[in-house]
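Peer 1: One structure follows; several queries about it will come next.
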Amino acid sequence: MSNLNTQAIERYRNNFLKEVEHCVEEGDWVKMCMQCGVCAGSCPLGSAWAHPPQEIFMMIRAGKREEVLSSTSMWMCTSCYNCIARCPRELPITHIMHGLAHYGKRLGLAPKNNPTLKFSQMFWDNLTKTGRANELTLGLSLYFMNGFAEGIKTALKMKDIGLGMWKTKRMNPMEILGGHGVKDKAGFTAMIKKAQELEAARLAKYKAP
Amino acid sequence: MAKEYSFYPGCSSQEGASSSNYLKSVQSMCDVLDIKLNTIPDWNCCSASIGYSGGGELPRLALSARNIALSEKHHGGQDIVATCAACWLATRETAERLHHDPEMMAETNTALKEAGLQLKNETKIRHMIEVLIEDIGYAEMGKHVKKPLEGIKIAGYVGCQTNRPFGIQGESFENPKYLDKFVETLGGESIPDYEKKVSCCGGALAFSEPEKSQALVKGIIESALDHGADMIVTPCPVCQMNVEVYQDQINAKYGTKFNIPVTYYSTLMAVAYGKNAKEAALDGQIIRAKKLEEIAGK
């Protein structure tokens, strides 16, 4: 169990709702859910969620901390924003799902082998490297995320698509050398580092339930 | 006089990237409509809606805040315009959240200081679709048509992030009509009852959950074909790519025979405005838009 997780358990004891309100992006909206289930019925991958959003919200109130933060559910969000558009209580559900996914990952509770978690992390690492997303290196790291042999298989399966993208000049093999990026790399990196520090400091502030 | 905007092209529009053809056709379209796009100097990625595993709230807000701050510094007074749905959404979401949260705004500016920038957050964040509808207007868009898209039936696939959570003013979330109006303005045949016009293609999960995403794409294409569509048009780079490039894999899995072109609204406009195939970026189609090629070649 990660240090951050132990600290959070200590700090919030049995009040998981408070922890979510304090630590999760847009988490203070959770208590507004009235359990209508419109979000579940509106989700394009609804059937793939072990627990649809309204269940996640009730589980938070019921203190099912481990079950929520280690769930694969939030990682099924396609960011289509249908749940936000339709929620009668106007909860920013998409953002809360992203927030819960991130918080579970931060504490080391998220399902480590979930493909969307891996891809999401790769995307972040990729963009923060140069300041801009590099589709080629991102694609390649995706193919090889489950090891070399699996990667070759995926790359072969995807070769026609890659060829099509290359022929239409929508993929440039030279991007492997680094490619596009921001000029003020130093300022960009310092900004991200500062933002991460400020966020960690805010999360570390104890708020008594 | 040209209308000027501060332009946020985004990563996928860069040279040699997946929607470089979108940018090319947008430039041709703007050339005709006298729209001047001033690219935000040294813009960075917005982290789209998939960077959340590694990026917490503040680091992600800082990304878009840096772009807005750069725009305010170099293009003060100009609205920011994005052509990519995810870029528009992330940037506008940041602007709105920082308006409502003074604490987060202060922290964002502390982070921006490291890059020598300051956010005033006084800039309007808009999508190119909004510029076309609100600043140019359908009448003006129609005036420049030299080669109407006659005899082409086009399914307007709006997708998700151009439509939700913000959407286009005056349009509904469930049945937005603007793409259909675009098609009609350009002389094509629209499909207002296209059932899948706001359905999700899987977005970034096309990469991580390909089977689930391709099942969604299959539905989007089938519905268009059921209505007799010759092609699909969309305003979103992720929608365009997901619906176009996986058709072979879907055919292999489901035994379908999909081979329907998917273009941007700007592709249609460039062709209707008399631009040639290259200027309209028709060479960027993996599934060639032959009917548009014919018109462009006339």
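Ligands are numbered from 1 in the order shown, residues from 1 within each chain, and chains are lettered A, B, ... in the order they appear in the structure tokens.
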As a PDB file with N, CA, C and O atoms, in the first residue's frame, could you give me every residue of chain B near chain A (at most 6 Å apart, counting only C-alpha atoms)?
Peer 2:
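Writing the result to out_8.pdb gives the following:
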ATOM      1  N   CYS B  11      -2.406  19.662 -31.443  1.00  0.00           N
ATOM      2  CA  CYS B  11      -1.373  18.700 -31.855  1.00  0.00           C
ATOM      3  C   CYS B  11      -1.730  17.924 -33.116  1.00  0.00           C
ATOM      4  O   CYS B  11      -0.880  17.685 -33.964  1.00  0.00           O
ATOM      5  N   GLY B  16       2.195  16.631 -40.772  1.00  0.00           N
ATOM      6  CA  GLY B  16       2.514  15.212 -40.604  1.00  0.00           C
ATOM      7  C   GLY B  16       1.734  14.553 -39.478  1.00  0.00           C
ATOM      8  O   GLY B  16       2.063  13.447 -39.070  1.00  0.00           O
ATOM      9  N   ALA B  17       0.686  15.206 -38.962  1.00  0.00           N
ATOM     10  CA  ALA B  17      -0.134  14.584 -37.920  1.00  0.00           C
ATOM     11  C   ALA B  17      -1.506  14.207 -38.491  1.00  0.00           C
ATOM     12  O   ALA B  17      -1.842  14.567 -39.618  1.00  0.00           O
ATOM     13  N   SER B  18      -2.295  13.495 -37.664  1.00  0.00           N
ATOM     14  CA  SER B  18      -3.474  12.796 -38.182  1.00  0.00           C
ATOM     15  C   SER B  18      -4.552  13.698 -38.786  1.00  0.00           C
ATOM     16  O   SER B  18      -5.332  13.258 -39.613  1.00  0.00           O
ATOM     17  N   ASP B  42       3.986  29.496 -29.788  1.00  0.00           N
ATOM     18  CA  ASP B  42       4.496  28.504 -28.829  1.00  0.00           C
ATOM     19  C   ASP B  42       3.399  27.797 -28.015  1.00  0.00           C
ATOM     20  O   ASP B  42       3.622  27.407 -26.861  1.00  0.00           O
ATOM     21  N   ASN B  44       0.892  24.937 -26.525  1.00  0.00           N
ATOM     22  CA  ASN B  44       1.182  23.563 -26.099  1.00  0.00           C
ATOM     23  C   ASN B  44      -0.066  22.701 -26.134  1.00  0.00           C
ATOM     24  O   ASN B  44      -1.170  23.206 -26.356  1.00  0.00           O
ATOM     25  N   CYS B  45       0.123  21.409 -25.931  1.00  0.00           N
ATOM     26  CA  CYS B  45      -0.993  20.444 -25.902  1.00  0.00           C
ATOM     27  C   CYS B  45      -1.932  20.760 -24.738  1.00  0.00           C
ATOM     28  O   CYS B  45      -1.510  21.219 -23.690  1.00  0.00           O
ATOM     29  N   ILE B  50      -7.936  12.820 -22.163  1.00  0.00           N
ATOM     30  CA  ILE B  50      -7.420  11.510 -21.807  1.00  0.00           C
ATOM     31  C   ILE B  50      -6.144  11.598 -20.954  1.00  0.00           C
ATOM     32  O   ILE B  50      -5.689  10.600 -20.410  1.00  0.00           O
ATOM     33  N   GLY B  51      -5.631  12.801 -20.727  1.00  0.00           N
ATOM     34  CA  GLY B  51      -4.377  12.920 -19.965  1.00  0.00           C
ATOM     35  C   GLY B  51      -4.534  12.827 -18.456  1.00  0.00           C
ATOM     36  O   GLY B  51      -3.592  13.045 -17.707  1.00  0.00           O
ATOM     37  N   TYR B  52      -5.733  12.460 -17.976  1.00  0.00           N
ATOM     38  CA  TYR B  52      -6.017  12.577 -16.538  1.00  0.00           C
ATOM     39  C   TYR B  52      -5.318  11.569 -15.646  1.00  0.00           C
ATOM     40  O   TYR B  52      -5.222  11.771 -14.443  1.00  0.00           O
ATOM     41  N   SER B  53      -4.838  10.463 -16.190  1.00  0.00           N
ATOM     42  CA  SER B  53      -4.166   9.503 -15.316  1.00  0.00           C
ATOM     43  C   SER B  53      -2.940  10.140 -14.678  1.00  0.00           C
ATOM     44  O   SER B  53      -2.779  10.150 -13.460  1.00  0.00           O
ATOM     45  N   GLY B  54      -2.087  10.724 -15.513  1.00  0.00           N
ATOM     46  CA  GLY B  54      -0.879  11.361 -15.007  1.00  0.00           C
ATOM     47  C   GLY B  54      -1.115  12.791 -14.563  1.00  0.00           C
ATOM     48  O   GLY B  54      -0.542  13.252 -13.575  1.00  0.00           O
ATOM     49  N   LEU B  58      -4.906  20.607 -11.453  1.00  0.00           N
ATOM     50  CA  LEU B  58      -4.163  21.862 -11.647  1.00  0.00           C
ATOM     51  C   LEU B  58      -3.151  21.782 -12.802  1.00  0.00           C
ATOM     52  O   LEU B  58      -3.098  22.703 -13.627  1.00  0.00           O
ATOM     53  N   PRO B  59      -2.350  20.702 -12.893  1.00  0.00           N
ATOM     54  CA  PRO B  59      -1.436  20.635 -14.039  1.00  0.00           C
ATOM     55  C   PRO B  59      -2.170  20.689 -15.384  1.00  0.00           C
ATOM     56  O   PRO B  59      -1.691  21.314 -16.334  1.00  0.00           O
ATOM     57  N   ALA B 111       1.713  28.955 -10.967  1.00  0.00           N
ATOM     58  CA  ALA B 111       2.400  28.015 -11.858  1.00  0.00           C
ATOM     59  C   ALA B 111       2.843  28.709 -13.152  1.00  0.00           C
ATOM     60  O   ALA B 111       3.962  28.506 -13.627  1.00  0.00           O
ATOM     61  N   LEU B 112       1.965  29.553 -13.696  1.00  0.00           N
ATOM     62  CA  LEU B 112       2.277  30.244 -14.959  1.00  0.00           C
ATOM     63  C   LEU B 112       3.474  31.175 -14.829  1.00  0.00           C
ATOM     64  O   LEU B 112       4.213  31.409 -15.787  1.00  0.00           O
ATOM     65  N   GLU B 114       6.150  30.621 -13.472  1.00  0.00           N
ATOM     66  CA  GLU B 114       7.370  29.854 -13.774  1.00  0.00           C
ATOM     67  C   GLU B 114       7.709  29.928 -15.264  1.00  0.00           C
ATOM     68  O   GLU B 114       8.845  29.726 -15.666  1.00  0.00           O
ATOM     69  N   ALA B 115       6.674  30.159 -16.085  1.00  0.00           N
ATOM     70  CA  ALA B 115       6.892  30.273 -17.532  1.00  0.00           C
ATOM     71  C   ALA B 115       6.864  31.747 -17.962  1.00  0.00           C
ATOM     72  O   ALA B 115       6.766  32.064 -19.144  1.00  0.00           O
ATOM     73  N   CYS B 160     -19.415  13.989 -30.268  1.00  0.00           N
ATOM     74  CA  CYS B 160     -19.615  14.340 -28.855  1.00  0.00           C
ATOM     75  C   CYS B 160     -19.131  15.735 -28.476  1.00  0.00           C
ATOM     76  O   CYS B 160     -19.901  16.583 -28.052  1.00  0.00           O
ATOM     77  N   ARG B 164     -21.191  18.551 -26.729  1.00  0.00           N
ATOM     78  CA  ARG B 164     -21.369  18.497 -25.281  1.00  0.00           C
ATOM     79  C   ARG B 164     -20.031  18.701 -24.591  1.00  0.00           C
ATOM     80  O   ARG B 164     -19.026  18.208 -25.104  1.00  0.00           O
ATOM     81  N   PRO B 165     -19.929  19.312 -23.443  1.00  0.00           N
ATOM     82  CA  PRO B 165     -21.031  19.862 -22.660  1.00  0.00           C
ATOM     83  C   PRO B 165     -21.457  21.268 -23.106  1.00  0.00           C
ATOM     84  O   PRO B 165     -22.481  21.750 -22.666  1.00  0.00           O
ATOM     85  N   GLY B 202     -16.180   6.395 -29.417  1.00  0.00           N
ATOM     86  CA  GLY B 202     -15.218   5.773 -28.512  1.00  0.00           C
ATOM     87  C   GLY B 202     -14.085   6.711 -28.127  1.00  0.00           C
ATOM     88  O   GLY B 202     -13.377   6.472 -27.157  1.00  0.00           O
ATOM     89  N   GLY B 203     -13.921   7.777 -28.903  1.00  0.00           N
ATOM     90  CA  GLY B 203     -12.878   8.766 -28.597  1.00  0.00           C
ATOM     91  C   GLY B 203     -11.515   8.115 -28.448  1.00  0.00           C
ATOM     92  O   GLY B 203     -11.120   7.259 -29.254  1.00  0.00           O
ATOM     93  N   SER B 208      -7.322   2.170 -26.647  1.00  0.00           N
ATOM     94  CA  SER B 208      -7.154   1.277 -25.502  1.00  0.00           C
ATOM     95  C   SER B 208      -8.215   0.180 -25.435  1.00  0.00           C
ATOM     96  O   SER B 208      -7.986  -0.880 -24.876  1.00  0.00           O
ATOM     97  N   GLY B 284      -5.766  13.800 -48.427  1.00  0.00           N
ATOM     98  CA  GLY B 284      -5.623  13.328 -47.052  1.00  0.00           C
ATOM     99  C   GLY B 284      -6.632  12.244 -46.693  1.00  0.00           C
ATOM    100  O   GLY B 284      -6.660  11.763 -45.567  1.00  0.00           O
ATOM    101  N   ILE B 286      -7.982   8.601 -46.574  1.00  0.00           N
ATOM    102  CA  ILE B 286      -7.547   7.213 -46.735  1.00  0.00           C
ATOM    103  C   ILE B 286      -8.596   6.479 -47.565  1.00  0.00           C
ATOM    104  O   ILE B 286      -8.277   5.714 -48.459  1.00  0.00           O
TER     105      ILE B 286
END
Peer 1: List the neighbours of stretch 220-230 of chain B out to 8 Å using only C-alpha atoms; skip same-chain residues closer than 3 positions along the sequence, and give me the result as number ranges by chain.
Peer 2: B: 152-155, 191, 194-197, 199, 201, 216-217, 243, 258, 260-261
Peer 1: Quick one: residues within 10 Å of B:Ala86, only C-alpha atoms, excluding same-chain residues fewer than 3 positions away - as a PDB file with C-alpha atoms, in the first residue's frame?
Peer 2:
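Dumped to result.pdb:
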ATOM      1  CA  SER A  79     -15.418  11.520 -22.421  1.00  0.00           C
TER       2      SER A  79
ATOM      3  CA  GLY B  10      -3.678  21.702 -31.574  1.00  0.00           C
ATOM      4  CA  CYS B  46      -4.237  20.783 -23.885  1.00  0.00           C
ATOM      5  CA  SER B  47      -3.981  17.106 -22.724  1.00  0.00           C
ATOM      6  CA  ALA B  48      -7.342  16.515 -24.456  1.00  0.00           C
ATOM      7  CA  SER B  49      -9.705  14.499 -22.270  1.00  0.00           C
ATOM      8  CA  ILE B  50      -7.420  11.510 -21.807  1.00  0.00           C
ATOM      9  CA  ALA B  82      -9.957  26.108 -32.066  1.00  0.00           C
ATOM     10  CA  THR B  83     -10.813  23.692 -34.851  1.00  0.00           C
ATOM     11  CA  LEU B  89     -13.454  21.826 -24.829  1.00  0.00           C
ATOM     12  CA  ALA B  90     -10.311  21.720 -22.646  1.00  0.00           C
ATOM     13  CA  THR B  91      -9.532  25.394 -23.186  1.00  0.00           C
ATOM     14  CA  ARG B  92     -13.076  26.608 -22.585  1.00  0.00           C
ATOM     15  CA  CYS B 160     -19.615  14.340 -28.855  1.00  0.00           C
ATOM     16  CA  GLN B 161     -17.248  17.076 -27.881  1.00  0.00           C
ATOM     17  CA  THR B 162     -18.322  19.752 -30.374  1.00  0.00           C
ATOM     18  CA  GLY B 203     -12.878   8.766 -28.597  1.00  0.00           C
ATOM     19  CA  CYS B 236     -14.007  16.563 -34.973  1.00  0.00           C
ATOM     20  CA  PRO B 237     -10.508  15.129 -35.679  1.00  0.00           C
ATOM     21  CA  VAL B 238     -11.014  12.096 -33.425  1.00  0.00           C
TER      22      VAL B 238
END
Peer 1: Pick the closest to A:Gly46 from A:Arg89, A:Met74, A:Lys64, A:Lys18: which is it, counting only C-alpha atoms?
Peer 2: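 Checking each candidate against A:Gly46, we get A:Met74 as the closest.
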